[in-house]
file entry_28.pdb (PDB, C-alpha atoms)
ATOM      1  CA  MET K   1     -50.077  18.933 -60.454  1.00  0.00           C
ATOM      2  CA  VAL K   2     -48.494  21.037 -57.792  1.00  0.00           C
ATOM      3  CA  ARG K   3     -44.934  20.038 -57.103  1.00  0.00           C
ATOM      4  CA  LEU K   4     -43.569  20.619 -53.589  1.00  0.00           C
ATOM      5  CA  VAL K   5     -39.897  21.561 -53.386  1.00  0.00           C
ATOM      6  CA  ALA K   6     -38.130  21.550 -49.983  1.00  0.00           C
ATOM      7  CA  SER K   7     -35.948  24.536 -49.218  1.00  0.00           C
ATOM      8  CA  PRO K   8     -32.228  23.949 -48.627  1.00  0.00           C
ATOM      9  CA  ALA K   9     -32.653  25.031 -44.978  1.00  0.00           C
ATOM     10  CA  LEU K  10     -35.400  22.489 -44.325  1.00  0.00           C
ATOM     11  CA  THR K  11     -33.426  19.757 -46.048  1.00  0.00           C
ATOM     12  CA  LEU K  12     -30.349  20.482 -43.909  1.00  0.00           C
ATOM     13  CA  ARG K  13     -32.402  20.490 -40.729  1.00  0.00           C
ATOM     14  CA  ALA K  14     -33.989  17.145 -41.596  1.00  0.00           C
ATOM     15  CA  CYS K  15     -30.605  15.595 -42.254  1.00  0.00           C
ATOM     16  CA  VAL K  16     -29.223  16.832 -38.947  1.00  0.00           C
ATOM     17  CA  LEU K  17     -32.225  15.501 -37.018  1.00  0.00           C
ATOM     18  CA  ALA K  18     -31.952  12.157 -38.751  1.00  0.00           C
ATOM     19  CA  ALA K  19     -28.275  11.909 -37.927  1.00  0.00           C
ATOM     20  CA  LEU K  20     -28.915  12.676 -34.274  1.00  0.00           C
ATOM     21  CA  ALA K  21     -31.701  10.110 -34.085  1.00  0.00           C
ATOM     22  CA  ALA K  22     -29.750   7.311 -35.743  1.00  0.00           C
ATOM     23  CA  PRO K  23     -27.834   5.114 -33.281  1.00  0.00           C
ATOM     24  CA  GLY K  24     -24.096   4.886 -33.801  1.00  0.00           C
ATOM     25  CA  CYS K  25     -23.864   7.968 -35.967  1.00  0.00           C
ATOM     26  CA  PHE K  26     -21.216   9.625 -33.813  1.00  0.00           C
ATOM     27  CA  ASP K  27     -18.878   8.939 -30.893  1.00  0.00           C
ATOM     28  CA  VAL K  28     -18.796  10.921 -27.671  1.00  0.00           C
ATOM     29  CA  HIS K  29     -15.278  11.640 -26.429  1.00  0.00           C
ATOM     30  CA  LEU K  30     -14.490  12.994 -22.984  1.00  0.00           C
ATOM     31  CA  VAL K  31     -12.437  16.159 -23.198  1.00  0.00           C
ATOM     32  CA  ASP K  32      -9.300  16.262 -21.050  1.00  0.00           C
ATOM     33  CA  PRO K  33      -9.638  19.477 -19.013  1.00  0.00           C
ATOM     34  CA  GLY K  34      -5.866  19.762 -18.684  1.00  0.00           C
ATOM     35  CA  PRO K  35      -4.073  20.311 -15.373  1.00  0.00           C
ATOM     36  CA  ALA K  36      -5.487  22.728 -12.814  1.00  0.00           C
ATOM     37  CA  VAL K  37      -2.853  24.421 -10.668  1.00  0.00           C
ATOM     38  CA  ILE K  38      -3.738  24.507  -6.987  1.00  0.00           C
ATOM     39  CA  ASP K  39      -0.557  26.411  -6.106  1.00  0.00           C
ATOM     40  CA  ASP K  40       3.111  26.643  -7.041  1.00  0.00           C
ATOM     41  CA  PHE K  41       3.805  29.618  -4.702  1.00  0.00           C
ATOM     42  CA  ASP K  42       5.882  31.337  -7.387  1.00  0.00           C
ATOM     43  CA  ASP K  43       3.905  34.557  -6.951  1.00  0.00           C
ATOM     44  CA  GLY K  44       5.478  34.907  -3.497  1.00  0.00           C
ATOM     45  CA  ASP K  45       2.322  34.977  -1.393  1.00  0.00           C
ATOM     46  CA  LEU K  46       0.007  32.607   0.453  1.00  0.00           C
ATOM     47  CA  ALA K  47      -3.007  33.144  -1.825  1.00  0.00           C
ATOM     48  CA  SER K  48      -4.157  29.990  -3.595  1.00  0.00           C
ATOM     49  CA  ALA K  49      -4.096  29.842  -7.392  1.00  0.00           C
ATOM     50  CA  LEU K  50      -7.609  28.348  -7.284  1.00  0.00           C
ATOM     51  CA  PRO K  51     -10.641  30.608  -7.655  1.00  0.00           C
ATOM     52  CA  HIS K  52     -12.844  30.768  -4.540  1.00  0.00           C
ATOM     53  CA  PHE K  53     -10.162  29.229  -2.282  1.00  0.00           C
ATOM     54  CA  HIS K  54      -8.798  31.315   0.581  1.00  0.00           C
ATOM     55  CA  ALA K  55      -5.142  31.792   1.527  1.00  0.00           C
ATOM     56  CA  TRP K  56      -3.092  28.965   2.983  1.00  0.00           C
ATOM     57  CA  GLU K  57      -3.309  28.528   6.733  1.00  0.00           C
ATOM     58  CA  SER K  58      -1.942  26.114   9.307  1.00  0.00           C
ATOM     59  CA  TYR K  59      -3.106  24.421  12.466  1.00  0.00           C
ATOM     60  CA  SER K  60      -1.859  21.811  14.907  1.00  0.00           C
ATOM     61  CA  PHE K  61      -3.529  19.108  16.925  1.00  0.00           C
ATOM     62  CA  SER K  62      -1.149  18.959  19.859  1.00  0.00           C
ATOM     63  CA  PRO K  63      -2.717  18.589  23.320  1.00  0.00           C
ATOM     64  CA  ASN K  64      -0.009  20.588  25.106  1.00  0.00           C
ATOM     65  CA  ASN K  65       1.012  23.116  22.449  1.00  0.00           C
ATOM     66  CA  PRO K  66      -1.896  23.873  20.101  1.00  0.00           C
ATOM     67  CA  ASP K  67      -0.196  27.013  18.750  1.00  0.00           C
ATOM     68  CA  SER K  68       3.363  25.709  18.290  1.00  0.00           C
ATOM     69  CA  HIS K  69       3.429  25.934  14.509  1.00  0.00           C
ATOM     70  CA  ASP K  70       4.427  28.461  11.870  1.00  0.00           C
ATOM     71  CA  LEU K  71       4.080  28.716   8.101  1.00  0.00           C
ATOM     72  CA  GLY K  72       5.820  30.771   5.440  1.00  0.00           C
ATOM     73  CA  LEU K  73       7.680  30.675   2.132  1.00  0.00           C
ATOM     74  CA  VAL K  74      11.143  29.260   1.440  1.00  0.00           C
ATOM     75  CA  ALA K  75      13.116  28.315  -1.664  1.00  0.00           C
ATOM     76  CA  GLY K  76      11.198  25.783  -3.729  1.00  0.00           C
ATOM     77  CA  THR K  77      12.135  22.802  -5.830  1.00  0.00           C
ATOM     78  CA  THR K  78      14.660  23.065  -8.673  1.00  0.00           C
ATOM     79  CA  ASN K  79      14.177  26.316 -10.634  1.00  0.00           C
ATOM     80  CA  ASN K  80      11.201  27.333  -8.480  1.00  0.00           C
ATOM     81  CA  PRO K  81      11.662  30.430  -6.321  1.00  0.00           C
ATOM     82  CA  PHE K  82       9.180  29.572  -3.556  1.00  0.00           C
ATOM     83  CA  ALA K  83       7.560  26.707  -1.682  1.00  0.00           C
ATOM     84  CA  LEU K  84       5.327  26.640   1.398  1.00  0.00           C
ATOM     85  CA  TYR K  85       6.689  25.345   4.703  1.00  0.00           C
ATOM     86  CA  LEU K  86       5.177  24.392   8.056  1.00  0.00           C
ATOM     87  CA  ASP K  87       7.505  24.395  11.082  1.00  0.00           C
ATOM     88  CA  PHE K  88       5.817  22.618  13.988  1.00  0.00           C
ATOM     89  CA  ARG K  89       6.401  21.070  17.405  1.00  0.00           C
ATOM     90  CA  VAL K  90       4.017  18.546  18.921  1.00  0.00           C
ATOM     91  CA  ASP K  91       3.824  16.844  22.313  1.00  0.00           C
ATOM     92  CA  ASP K  92       1.986  13.878  23.754  1.00  0.00           C
ATOM     93  CA  PRO K  93       1.465  14.491  27.494  1.00  0.00           C
ATOM     94  CA  PRO K  94       2.681  11.713  29.829  1.00  0.00           C
ATOM     95  CA  ASP K  95      -0.757  10.608  30.966  1.00  0.00           C
ATOM     96  CA  GLY K  96      -0.718   6.937  30.025  1.00  0.00           C
ATOM     97  CA  THR K  97      -2.659   7.529  26.791  1.00  0.00           C
ATOM     98  CA  ASN K  98      -1.421   7.825  23.216  1.00  0.00           C
ATOM     99  CA  ARG K  99      -3.013  10.901  21.701  1.00  0.00           C
ATOM    100  CA  THR K 100      -2.988  11.952  18.047  1.00  0.00           C
ATOM    101  CA  ALA K 101      -0.553  14.834  17.673  1.00  0.00           C
ATOM    102  CA  GLY K 102       0.430  16.612  14.484  1.00  0.00           C
ATOM    103  CA  ALA K 103       0.018  19.686  12.314  1.00  0.00           C
ATOM    104  CA  ALA K 104      -1.320  20.573   8.878  1.00  0.00           C
ATOM    105  CA  LEU K 105      -1.331  23.047   5.992  1.00  0.00           C
ATOM    106  CA  MET K 106      -4.731  23.812   4.516  1.00  0.00           C
ATOM    107  CA  ILE K 107      -6.697  25.854   2.004  1.00  0.00           C
ATOM    108  CA  ARG K 108     -10.476  25.995   2.033  1.00  0.00           C
ATOM    109  CA  SER K 109     -13.298  27.402  -0.007  1.00  0.00           C
ATOM    110  CA  ASP K 110     -16.914  28.430   0.422  1.00  0.00           C
ATOM    111  CA  VAL K 111     -17.660  26.998  -3.049  1.00  0.00           C
ATOM    112  CA  PRO K 112     -17.387  23.208  -3.599  1.00  0.00           C
ATOM    113  CA  TRP K 113     -15.146  22.070  -6.477  1.00  0.00           C
ATOM    114  CA  ASP K 114     -15.909  18.976  -8.561  1.00  0.00           C
ATOM    115  CA  ILE K 115     -12.584  17.280  -9.388  1.00  0.00           C
ATOM    116  CA  THR K 116     -13.989  14.046 -10.808  1.00  0.00           C
ATOM    117  CA  SER K 117     -12.975  15.015 -14.348  1.00  0.00           C
ATOM    118  CA  TYR K 118      -9.316  14.727 -13.281  1.00  0.00           C
ATOM    119  CA  ARG K 119      -7.276  11.587 -12.716  1.00  0.00           C
ATOM    120  CA  ALA K 120      -4.677  12.419 -10.068  1.00  0.00           C
ATOM    121  CA  LEU K 121      -3.403  14.884  -7.502  1.00  0.00           C
ATOM    122  CA  VAL K 122       0.268  15.770  -8.029  1.00  0.00           C
ATOM    123  CA  PHE K 123       2.589  17.615  -5.645  1.00  0.00           C
ATOM    124  CA  SER K 124       6.174  17.774  -4.381  1.00  0.00           C
ATOM    125  CA  ALA K 125       6.946  17.501  -0.678  1.00  0.00           C
ATOM    126  CA  LYS K 126       9.577  16.796   1.928  1.00  0.00           C
ATOM    127  CA  LEU K 127       9.300  16.227   5.673  1.00  0.00           C
ATOM    128  CA  GLU K 128      12.404  16.987   7.703  1.00  0.00           C
ATOM    129  CA  SER K 129      12.796  15.940  11.312  1.00  0.00           C
ATOM    130  CA  GLY K 130      13.897  18.505  13.901  1.00  0.00           C
ATOM    131  CA  ASN K 131      14.965  18.480  17.565  1.00  0.00           C
ATOM    132  CA  PRO K 132      13.482  16.549  19.277  1.00  0.00           C
ATOM    133  CA  ALA K 133      13.296  14.224  16.306  1.00  0.00           C
ATOM    134  CA  LEU K 134      10.032  12.982  14.849  1.00  0.00           C
ATOM    135  CA  PRO K 135       9.478   9.230  15.065  1.00  0.00           C
ATOM    136  CA  SER K 136      10.506   7.362  11.929  1.00  0.00           C
ATOM    137  CA  ASN K 137       6.909   6.204  11.435  1.00  0.00           C
ATOM    138  CA  ALA K 138       5.450   9.729  11.234  1.00  0.00           C
ATOM    139  CA  LEU K 139       2.809   9.838   8.499  1.00  0.00           C
ATOM    140  CA  LEU K 140       1.940  12.388   5.807  1.00  0.00           C
ATOM    141  CA  TYR K 141      -1.722  12.449   4.814  1.00  0.00           C
ATOM    142  CA  ILE K 142      -3.482  14.347   2.039  1.00  0.00           C
ATOM    143  CA  GLU K 143      -7.089  15.028   2.970  1.00  0.00           C
ATOM    144  CA  LEU K 144      -9.759  16.310   0.586  1.00  0.00           C
ATOM    145  CA  GLY K 145     -12.612  17.795   2.588  1.00  0.00           C
ATOM    146  CA  CYS K 146     -16.241  17.877   1.478  1.00  0.00           C
ATOM    147  CA  ALA K 147     -18.168  19.702   4.191  1.00  0.00           C
ATOM    148  CA  THR K 148     -21.419  19.696   2.202  1.00  0.00           C
ATOM    149  CA  ALA K 149     -21.447  15.929   1.672  1.00  0.00           C
ATOM    150  CA  VAL K 150     -24.174  13.856   3.291  1.00  0.00           C
ATOM    151  CA  ALA K 151     -23.279  10.917   5.539  1.00  0.00           C
ATOM    152  CA  GLU K 152     -24.841   7.500   5.011  1.00  0.00           C
ATOM    153  CA  ASP K 153     -27.098   8.068   8.003  1.00  0.00           C
ATOM    154  CA  GLY K 154     -28.528  11.158   6.290  1.00  0.00           C
ATOM    155  CA  SER K 155     -26.775  13.677   8.539  1.00  0.00           C
ATOM    156  CA  ARG K 156     -24.736  16.652   7.377  1.00  0.00           C
ATOM    157  CA  ARG K 157     -21.767  16.609   9.723  1.00  0.00           C
ATOM    158  CA  GLY K 158     -19.820  19.391   8.024  1.00  0.00           C
ATOM    159  CA  ASP K 159     -16.467  17.639   8.490  1.00  0.00           C
ATOM    160  CA  MET K 160     -16.487  14.824   5.932  1.00  0.00           C
ATOM    161  CA  TYR K 161     -13.330  14.060   3.947  1.00  0.00           C
ATOM    162  CA  VAL K 162     -11.407  11.397   2.059  1.00  0.00           C
ATOM    163  CA  VAL K 163      -7.732  10.683   2.580  1.00  0.00           C
ATOM    164  CA  ALA K 164      -4.592   9.166   1.068  1.00  0.00           C
ATOM    165  CA  SER K 165      -1.054   8.857   2.441  1.00  0.00           C
ATOM    166  CA  VAL K 166       2.449   8.878   0.955  1.00  0.00           C
ATOM    167  CA  ASN K 167       5.854   7.587   2.003  1.00  0.00           C
ATOM    168  CA  HIS K 168       7.633  10.880   2.601  1.00  0.00           C
ATOM    169  CA  THR K 169      11.374  11.554   2.743  1.00  0.00           C
ATOM    170  CA  ALA K 170      13.564  14.389   4.011  1.00  0.00           C
ATOM    171  CA  ALA K 171      14.461  15.291   0.402  1.00  0.00           C
ATOM    172  CA  TRP K 172      12.189  16.675  -2.305  1.00  0.00           C
ATOM    173  CA  GLN K 173      10.031  14.039  -3.941  1.00  0.00           C
ATOM    174  CA  GLU K 174       7.184  14.305  -6.429  1.00  0.00           C
ATOM    175  CA  PHE K 175       4.032  12.351  -5.627  1.00  0.00           C
ATOM    176  CA  ARG K 176       1.150  11.438  -7.925  1.00  0.00           C
ATOM    177  CA  ILE K 177      -1.945  10.055  -6.204  1.00  0.00           C
ATOM    178  CA  SER K 178      -4.707   8.643  -8.359  1.00  0.00           C
ATOM    179  CA  LEU K 179      -8.039  10.084  -7.248  1.00  0.00           C
ATOM    180  CA  VAL K 180      -9.498   6.573  -7.032  1.00  0.00           C
ATOM    181  CA  ASN K 181      -7.042   5.911  -4.186  1.00  0.00           C
ATOM    182  CA  PHE K 182      -8.659   8.484  -1.904  1.00  0.00           C
ATOM    183  CA  ALA K 183     -10.813   6.675   0.641  1.00  0.00           C
ATOM    184  CA  THR K 184     -12.731   7.233   3.839  1.00  0.00           C
ATOM    185  CA  ALA K 185     -10.294   7.405   6.765  1.00  0.00           C
ATOM    186  CA  SER K 186     -10.256   4.264   8.899  1.00  0.00           C
ATOM    187  CA  TRP K 187     -10.383   6.341  12.079  1.00  0.00           C
ATOM    188  CA  LEU K 188     -13.767   7.759  11.112  1.00  0.00           C
ATOM    189  CA  GLY K 189     -15.277   4.392  12.001  1.00  0.00           C
ATOM    190  CA  SER K 190     -18.741   3.901  10.546  1.00  0.00           C
ATOM    191  CA  ILE K 191     -19.057   7.499   9.317  1.00  0.00           C
ATOM    192  CA  TRP K 192     -19.121   7.265   5.526  1.00  0.00           C
ATOM    193  CA  VAL K 193     -20.062   9.660   2.761  1.00  0.00           C
ATOM    194  CA  ALA K 194     -23.318   8.560   1.156  1.00  0.00           C
ATOM    195  CA  GLY K 195     -22.441   7.291  -2.305  1.00  0.00           C
ATOM    196  CA  GLY K 196     -18.798   6.673  -1.396  1.00  0.00           C
ATOM    197  CA  PRO K 197     -15.603   8.705  -1.915  1.00  0.00           C
ATOM    198  CA  ALA K 198     -16.642   9.745  -5.439  1.00  0.00           C
ATOM    199  CA  GLN K 199     -19.403  11.855  -3.915  1.00  0.00           C
ATOM    200  CA  CYS K 200     -16.842  13.658  -1.778  1.00  0.00           C
ATOM    201  CA  LEU K 201     -14.650  14.325  -4.824  1.00  0.00           C
ATOM    202  CA  GLN K 202     -17.601  16.076  -6.460  1.00  0.00           C
ATOM    203  CA  ARG K 203     -17.704  18.724  -3.713  1.00  0.00           C
ATOM    204  CA  VAL K 204     -14.138  19.366  -2.510  1.00  0.00           C
ATOM    205  CA  ASP K 205     -13.980  22.482  -0.327  1.00  0.00           C
ATOM    206  CA  SER K 206     -10.695  21.987   1.525  1.00  0.00           C
ATOM    207  CA  ILE K 207      -7.281  20.502   0.753  1.00  0.00           C
ATOM    208  CA  ARG K 208      -5.066  19.538   3.685  1.00  0.00           C
ATOM    209  CA  PHE K 209      -1.504  18.240   3.998  1.00  0.00           C
ATOM    210  CA  SER K 210      -1.454  16.727   7.458  1.00  0.00           C
ATOM    211  CA  VAL K 211       1.416  15.232   9.491  1.00  0.00           C
ATOM    212  CA  ASP K 212       0.579  12.651  12.156  1.00  0.00           C
ATOM    213  CA  ALA K 213       3.733  12.621  14.288  1.00  0.00           C
ATOM    214  CA  HIS K 214       2.848   9.174  15.672  1.00  0.00           C
ATOM    215  CA  LEU K 215       4.204  10.056  19.124  1.00  0.00           C
ATOM    216  CA  SER K 216       4.366   7.642  22.003  1.00  0.00           C
ATOM    217  CA  ASP K 217       2.984   8.624  25.400  1.00  0.00           C
ATOM    218  CA  GLY K 218       5.074  11.465  26.836  1.00  0.00           C
ATOM    219  CA  GLN K 219       7.061  11.944  23.606  1.00  0.00           C
ATOM    220  CA  SER K 220       7.700  15.236  21.754  1.00  0.00           C
ATOM    221  CA  GLY K 221       8.762  15.919  18.197  1.00  0.00           C
ATOM    222  CA  ARG K 222       9.543  18.744  15.827  1.00  0.00           C
ATOM    223  CA  GLY K 223       9.525  18.824  12.052  1.00  0.00           C
ATOM    224  CA  VAL K 224       9.295  20.941   8.925  1.00  0.00           C
ATOM    225  CA  LEU K 225       6.881  20.016   6.134  1.00  0.00           C
ATOM    226  CA  THR K 226       7.503  21.762   2.793  1.00  0.00           C
ATOM    227  CA  ILE K 227       5.200  21.469  -0.251  1.00  0.00           C
ATOM    228  CA  ASP K 228       5.350  22.805  -3.818  1.00  0.00           C
ATOM    229  CA  ASN K 229       3.876  22.440  -7.329  1.00  0.00           C
ATOM    230  CA  ILE K 230       0.415  21.206  -6.362  1.00  0.00           C
ATOM    231  CA  TYR K 231      -2.056  20.485  -9.164  1.00  0.00           C
ATOM    232  CA  VAL K 232      -4.607  18.010 -10.455  1.00  0.00           C
ATOM    233  CA  GLU K 233      -4.324  16.438 -13.892  1.00  0.00           C
TER     234      GLU K 233
END
call {"tool": "encode", "arguments": {"input": "entry_28.pdb", "output": "structure tokens"}}
result
Amino acid sequence: MVRLVASPALTLRACVLAALAAPGCFDVHLVDPGPAVIDDFDDGDLASALPHFHAWESYSFSPNNPDSHDLGLVAGTTNNPFALYLDFRVDDPPDGTNRTAGAALMIRSDVPWDITSYRALVFSAKLESGNPALPSNALLYIELGCATAVAEDGSRRGDMYVVASVNHTAAWQEFRISLVNFATASWLGSIWVAGGPAQCLQRVDSIRFSVDAHLSDGQSGRGVLTIDNIYVE
């Protein structure tokens, strides 16, 4: 009689395959990726800490003064040498119509970034009123853009984003926004990302800190937005 003897290598391979095939043999645990720093500005320049993202820039949406804004670095939060500021003035022309007027800080990328493995966006900010003073109901929005996302009607608009807002103060305050709280902006009407906000979070290509001055018709306002220690966790 010929006796067949399995080699140790074949035996090990069979055991591994059996273990993989058997239900309940092992648990799958999601690995926490750890925080990803977007920027803390401590290197003293406007370059983002994120790969593929360009330097910080600013813009305003003021009908009368589209270029009345400036950005740069100032002293940061406690023990941090630098933070990013935006000094802006906005005007609503006296034409009987309330127009959206404000300004924003932004970084953008040519490569979409999937942030769905993180839980929250964290940052420190303050919004100080200038002269003329900003209205007390001025709003601070955080907008995560996803230009490559598809709208529910199948179009690729190139300007899709989700948004959240915070109750800002004139003093430094740390904010932590759960990613599930980012939603389609109400002012976008029926324009929605196909698959909902989660689809936008899978392809983030811009991050914006936007101030809506909430001006009345004919009103002007000036303010300084300062941000620091921005990361996802």
call {"tool": "closest_atom_pairs", "arguments": {"input": "entry_28.pdb", "of": "segment 90-109 of chain K", "to": "segment 32-48 of chain K", "cutoff": "12 Å", "atoms": "all atoms listed in the file", "output": "JSON lines"}}
result
{"residue": "K:Leu105", "atom": "CA", "partner": "K:Leu46", "partner_atom": "CA", "distance": 11.1}
{"residue": "K:Met106", "atom": "CA", "partner": "K:Ser48", "partner_atom": "CA", "distance": 10.2}
{"residue": "K:Ile107", "atom": "CA", "partner": "K:Ser48", "partner_atom": "CA", "distance": 7.4}
{"residue": "K:Arg108", "atom": "CA", "partner": "K:Ser48", "partner_atom": "CA", "distance": 9.4}
{"residue": "K:Ser109", "atom": "CA", "partner": "K:Ser48", "partner_atom": "CA", "distance": 10.2}
call {"tool": "atom_distance", "arguments": {"input": "entry_28.pdb", "atom1": "atom CA of Leu144 of chain K", "atom2": "atom CA of Ile207 of chain K"}}
result
4.9 Å
call {"tool": "resolve_selection", "arguments": {"input": "entry_28.pdb", "expression": "the PyMOL selection byres ((chain K and resi 77-91) around 7)", "output": "number ranges by chain"}}
result
K: 40-42, 44, 62-65, 68-76, 92-93, 101-103, 105, 219-228
call {"tool": "atom_distance", "arguments": {"input": "entry_28.pdb", "atom1": "atom CA of Asn181 of chain K", "atom2": "atom CA of Leu201 of chain K"}}
result
11.4 Å
call {"tool": "resolve_selection", "arguments": {"input": "entry_28.pdb", "expression": "the PyMOL selection byres ((chain K and resi 158-175) around 6)", "output": "list of chain:residue names"}}
result
K:Val122, K:Phe123, K:Ser124, K:Ala125, K:Lys126, K:Leu127, K:Glu128, K:Leu140, K:Tyr141, K:Ile142, K:Glu143, K:Leu144, K:Gly145, K:Cys146, K:Ala147, K:Arg156, K:Arg157, K:Arg176, K:Phe182, K:Ala183, K:Thr184, K:Ala185
call {"tool": "write_last_selection", "arguments": {"input": "entry_28.pdb", "atoms": "C-alpha atoms", "output": "PDB file, in the frame of the given file"}}
result
ATOM      1  CA  VAL K 122       0.268  15.770  -8.029  1.00  0.00           C
ATOM      2  CA  PHE K 123       2.589  17.615  -5.645  1.00  0.00           C
ATOM      3  CA  SER K 124       6.174  17.774  -4.381  1.00  0.00           C
ATOM      4  CA  ALA K 125       6.946  17.501  -0.678  1.00  0.00           C
ATOM      5  CA  LYS K 126       9.577  16.796   1.928  1.00  0.00           C
ATOM      6  CA  LEU K 127       9.300  16.227   5.673  1.00  0.00           C
ATOM      7  CA  GLU K 128      12.404  16.987   7.703  1.00  0.00           C
ATOM      8  CA  LEU K 140       1.940  12.388   5.807  1.00  0.00           C
ATOM      9  CA  TYR K 141      -1.722  12.449   4.814  1.00  0.00           C
ATOM     10  CA  ILE K 142      -3.482  14.347   2.039  1.00  0.00           C
ATOM     11  CA  GLU K 143      -7.089  15.028   2.970  1.00  0.00           C
ATOM     12  CA  LEU K 144      -9.759  16.310   0.586  1.00  0.00           C
ATOM     13  CA  GLY K 145     -12.612  17.795   2.588  1.00  0.00           C
ATOM     14  CA  CYS K 146     -16.241  17.877   1.478  1.00  0.00           C
ATOM     15  CA  ALA K 147     -18.168  19.702   4.191  1.00  0.00           C
ATOM     16  CA  ARG K 156     -24.736  16.652   7.377  1.00  0.00           C
ATOM     17  CA  ARG K 157     -21.767  16.609   9.723  1.00  0.00           C
ATOM     18  CA  ARG K 176       1.150  11.438  -7.925  1.00  0.00           C
ATOM     19  CA  PHE K 182      -8.659   8.484  -1.904  1.00  0.00           C
ATOM     20  CA  ALA K 183     -10.813   6.675   0.641  1.00  0.00           C
ATOM     21  CA  THR K 184     -12.731   7.233   3.839  1.00  0.00           C
ATOM     22  CA  ALA K 185     -10.294   7.405   6.765  1.00  0.00           C
TER      23      ALA K 185
END
call {"tool": "atom_distance", "arguments": {"input": "entry_28.pdb", "atom1": "atom CA of Leu179 of chain K", "atom2": "atom CA of Val204 of chain K"}}
result
12.1 Å
call {"tool": "closest_residue", "arguments": {"input": "entry_28.pdb", "among": "K:Arg119, K:Ile191, K:Gln199, K:Ser186", "to": "Ala149 of chain K", "atoms": "all atoms listed in the file"}}
result
K:Gln199
call {"tool": "closest_residue", "arguments": {"input": "entry_28.pdb", "among": "K:Asp153, K:Asp114, K:Glu57, K:Glu233", "to": "Arg208 of chain K", "atoms": "all atoms listed in the file"}}
result
K:Glu57
call {"tool": "closest_residue", "arguments": {"input": "entry_28.pdb", "among": "K:Gly96, K:Gly154, K:Pro112, K:Pro132", "to": "Asp205 of chain K", "atoms": "all atoms listed in the file"}}
result
K:Pro112
call {"tool": "closest_residue", "arguments": {"input": "entry_28.pdb", "among": "K:Asp95, K:Asp110, K:Asp212, K:Glu152", "to": "Gly195 of chain K", "atoms": "all atoms listed in the file"}}
result
K:Glu152
